[in-house]
Amino acid sequence: MDKLTEYPKLIRRILSENVELCNRRPNKDIETFLIVDESKKHYIWMNLGWQNGDRITGITVYVRIRDGKIKD
């Protein structure tokens with residue numbers, strides 16, 4: 001397995017599946033989404049919205065591939 005080819009696919013698939021699971025029981029005030037920068041190999045699972053009058057912004061998972069290794 002060529003890591004540099006397979007890692008991005010695996011990361012994107014795993015994060016996409018988890019974001020999709022979160023969105024099955026959506027909170028109408030909080031948006032859950034995936035941000036992907038393929039060229040620089042950054043993957044961000046993020047939440048954005050409001051809860052009890054407070055602004056919610058949070059990164060649930062941040063992964064990048066650098067020098068052939070997964071960094072978090």
# chains A, B, ... in the order shown; residues from 1 in each chain; ligands from 1

call {"tool": "residues_around", "arguments": {"residues": "Ser16 of chain A", "least_positions_apart": "4", "cutoff": "10 Å", "atoms": "only C-alpha atoms", "output": "tab-separated table (two decimals) with N, CA, C and O atoms, in the first residue's frame"}}
result
chain	number	residue	atom	x	y	z
A	10	LEU	N	-8.36	7.20	3.19
A	10	LEU	CA	-8.82	6.65	4.45
A	10	LEU	C	-9.29	7.74	5.41
A	10	LEU	O	-10.35	7.63	6.03
A	11	ILE	N	-8.50	8.79	5.55
A	11	ILE	CA	-8.86	9.89	6.44
A	11	ILE	C	-10.17	10.51	6.00
A	11	ILE	O	-11.08	10.73	6.81
A	12	ARG	N	-10.28	10.81	4.72
A	12	ARG	CA	-11.50	11.44	4.21
A	12	ARG	C	-12.71	10.53	4.42
A	12	ARG	O	-13.78	11.00	4.82
A	20	GLU	N	-21.31	12.34	8.80
A	20	GLU	CA	-22.63	11.90	8.36
A	20	GLU	C	-23.43	11.32	9.52
A	20	GLU	O	-24.62	11.60	9.66
A	21	LEU	N	-22.80	10.53	10.37
A	21	LEU	CA	-23.48	9.98	11.54
A	21	LEU	C	-23.96	11.09	12.47
A	21	LEU	O	-25.07	11.03	12.99
A	22	CYS	N	-23.14	12.10	12.68
A	22	CYS	CA	-23.54	13.23	13.53
A	22	CYS	C	-24.74	13.97	12.94
A	22	CYS	O	-25.61	14.42	13.67
A	33	PHE	N	-19.67	19.83	9.86
A	33	PHE	CA	-19.21	19.69	8.48
A	33	PHE	C	-17.73	19.35	8.42
A	33	PHE	O	-17.02	19.42	9.42
A	34	LEU	N	-17.30	18.97	7.24
A	34	LEU	CA	-15.92	18.57	6.99
A	34	LEU	C	-15.28	19.57	6.04
A	34	LEU	O	-15.86	19.93	5.02
A	35	ILE	N	-14.10	20.03	6.39
A	35	ILE	CA	-13.31	20.92	5.54
A	35	ILE	C	-12.09	20.12	5.08
A	35	ILE	O	-11.37	19.57	5.91
A	45	TRP	N	-12.83	18.37	10.88
A	45	TRP	CA	-14.23	18.09	11.22
A	45	TRP	C	-14.61	19.18	12.21
A	45	TRP	O	-13.99	19.31	13.26

call {"tool": "select_by_dssp", "arguments": {"residues": "chain A", "states": "strand (DSSP E)", "output": "VMD selection string"}}
result
chain A and resid 30 to 37 42 to 51 54 to 66 69 to 71

call {"tool": "residues_around", "arguments": {"residues": "Lys41 of chain A", "least_positions_apart": "4", "cutoff": "10 Å", "atoms": "only C-alpha atoms", "output": "PyMOL selection string"}}
result
chain A and resi 7-8+11+36-37+63-66+70

call {"tool": "closest_residue", "arguments": {"among": "A:Lys9, A:Asn52, A:Ile44, A:Leu15", "to": "Ile30 of chain A", "atoms": "only C-alpha atoms"}}
result
A:Asn52

call {"tool": "decode", "arguments": {"residues": "chain A", "atoms": "C-alpha atoms", "output": "PDB file, in the first residue's frame"}}
result
ATOM      1  CA  MET A   1       0.000   0.000   0.000  1.00  0.00           C
ATOM      2  CA  ASP A   2       1.344   3.395  -0.995  1.00  0.00           C
ATOM      3  CA  LYS A   3       0.770   5.437   2.169  1.00  0.00           C
ATOM      4  CA  LEU A   4       0.772   8.793   0.420  1.00  0.00           C
ATOM      5  CA  THR A   5      -2.024   7.612  -1.876  1.00  0.00           C
ATOM      6  CA  GLU A   6      -4.062   5.642   0.668  1.00  0.00           C
ATOM      7  CA  TYR A   7      -3.872   7.872   3.767  1.00  0.00           C
ATOM      8  CA  PRO A   8      -5.877  10.755   2.268  1.00  0.00           C
ATOM      9  CA  LYS A   9      -8.581   8.360   1.074  1.00  0.00           C
ATOM     10  CA  LEU A  10      -8.825   6.654   4.453  1.00  0.00           C
ATOM     11  CA  ILE A  11      -8.858   9.891   6.438  1.00  0.00           C
ATOM     12  CA  ARG A  12     -11.501  11.444   4.210  1.00  0.00           C
ATOM     13  CA  ARG A  13     -13.674   8.304   4.323  1.00  0.00           C
ATOM     14  CA  ILE A  14     -13.484   7.920   8.107  1.00  0.00           C
ATOM     15  CA  LEU A  15     -14.171  11.591   8.801  1.00  0.00           C
ATOM     16  CA  SER A  16     -16.975  11.765   6.210  1.00  0.00           C
ATOM     17  CA  GLU A  17     -18.696   8.736   7.738  1.00  0.00           C
ATOM     18  CA  ASN A  18     -18.495  10.228  11.230  1.00  0.00           C
ATOM     19  CA  VAL A  19     -19.759  13.643  10.147  1.00  0.00           C
ATOM     20  CA  GLU A  20     -22.629  11.900   8.360  1.00  0.00           C
ATOM     21  CA  LEU A  21     -23.479   9.976  11.543  1.00  0.00           C
ATOM     22  CA  CYS A  22     -23.539  13.231  13.533  1.00  0.00           C
ATOM     23  CA  ASN A  23     -25.839  14.816  10.975  1.00  0.00           C
ATOM     24  CA  ARG A  24     -28.377  11.973  11.261  1.00  0.00           C
ATOM     25  CA  ARG A  25     -29.453  13.472  14.578  1.00  0.00           C
ATOM     26  CA  PRO A  26     -28.863  17.080  13.709  1.00  0.00           C
ATOM     27  CA  ASN A  27     -29.138  19.941  16.118  1.00  0.00           C
ATOM     28  CA  LYS A  28     -30.823  22.624  14.029  1.00  0.00           C
ATOM     29  CA  ASP A  29     -28.701  25.319  15.668  1.00  0.00           C
ATOM     30  CA  ILE A  30     -25.314  23.609  15.226  1.00  0.00           C
ATOM     31  CA  GLU A  31     -23.878  22.719  11.831  1.00  0.00           C
ATOM     32  CA  THR A  32     -21.395  19.841  11.587  1.00  0.00           C
ATOM     33  CA  PHE A  33     -19.210  19.691   8.478  1.00  0.00           C
ATOM     34  CA  LEU A  34     -15.921  18.570   6.990  1.00  0.00           C
ATOM     35  CA  ILE A  35     -13.307  20.915   5.536  1.00  0.00           C
ATOM     36  CA  VAL A  36     -10.751  19.302   3.234  1.00  0.00           C
ATOM     37  CA  ASP A  37      -7.693  20.855   1.612  1.00  0.00           C
ATOM     38  CA  GLU A  38      -6.410  18.034  -0.601  1.00  0.00           C
ATOM     39  CA  SER A  39      -3.460  19.984  -1.975  1.00  0.00           C
ATOM     40  CA  LYS A  40      -1.991  20.635   1.488  1.00  0.00           C
ATOM     41  CA  LYS A  41      -3.498  17.492   3.048  1.00  0.00           C
ATOM     42  CA  HIS A  42      -5.493  19.148   5.853  1.00  0.00           C
ATOM     43  CA  TYR A  43      -8.737  17.568   7.130  1.00  0.00           C
ATOM     44  CA  ILE A  44     -10.982  19.343   9.652  1.00  0.00           C
ATOM     45  CA  TRP A  45     -14.225  18.088  11.219  1.00  0.00           C
ATOM     46  CA  MET A  46     -15.911  21.186  12.631  1.00  0.00           C
ATOM     47  CA  ASN A  47     -19.010  22.362  14.473  1.00  0.00           C
ATOM     48  CA  LEU A  48     -20.466  25.848  14.151  1.00  0.00           C
ATOM     49  CA  GLY A  49     -23.630  27.417  15.522  1.00  0.00           C
ATOM     50  CA  TRP A  50     -25.451  28.439  18.693  1.00  0.00           C
ATOM     51  CA  GLN A  51     -26.349  26.630  21.926  1.00  0.00           C
ATOM     52  CA  ASN A  52     -28.233  28.247  24.825  1.00  0.00           C
ATOM     53  CA  GLY A  53     -27.379  31.698  23.453  1.00  0.00           C
ATOM     54  CA  ASP A  54     -23.657  30.952  23.232  1.00  0.00           C
ATOM     55  CA  ARG A  55     -21.682  30.824  19.995  1.00  0.00           C
ATOM     56  CA  ILE A  56     -20.291  27.356  19.308  1.00  0.00           C
ATOM     57  CA  THR A  57     -17.186  27.011  17.155  1.00  0.00           C
ATOM     58  CA  GLY A  58     -15.110  23.955  17.580  1.00  0.00           C
ATOM     59  CA  ILE A  59     -12.817  21.602  15.787  1.00  0.00           C
ATOM     60  CA  THR A  60     -13.687  18.018  16.673  1.00  0.00           C
ATOM     61  CA  VAL A  61     -10.842  16.484  14.663  1.00  0.00           C
ATOM     62  CA  TYR A  62      -7.905  18.023  12.831  1.00  0.00           C
ATOM     63  CA  VAL A  63      -5.595  15.769  10.820  1.00  0.00           C
ATOM     64  CA  ARG A  64      -2.845  16.553   8.367  1.00  0.00           C
ATOM     65  CA  ILE A  65      -0.372  14.495   6.449  1.00  0.00           C
ATOM     66  CA  ARG A  66       3.160  15.812   6.583  1.00  0.00           C
ATOM     67  CA  ASP A  67       6.373  14.086   5.551  1.00  0.00           C
ATOM     68  CA  GLY A  68       4.379  10.930   4.837  1.00  0.00           C
ATOM     69  CA  LYS A  69       2.999  10.758   8.398  1.00  0.00           C
ATOM     70  CA  ILE A  70      -0.378  11.525   9.930  1.00  0.00           C
ATOM     71  CA  LYS A  71      -0.156  14.442  12.360  1.00  0.00           C
ATOM     72  CA  ASP A  72      -2.930  15.528  14.709  1.00  0.00           C
TER      73      ASP A  72
END
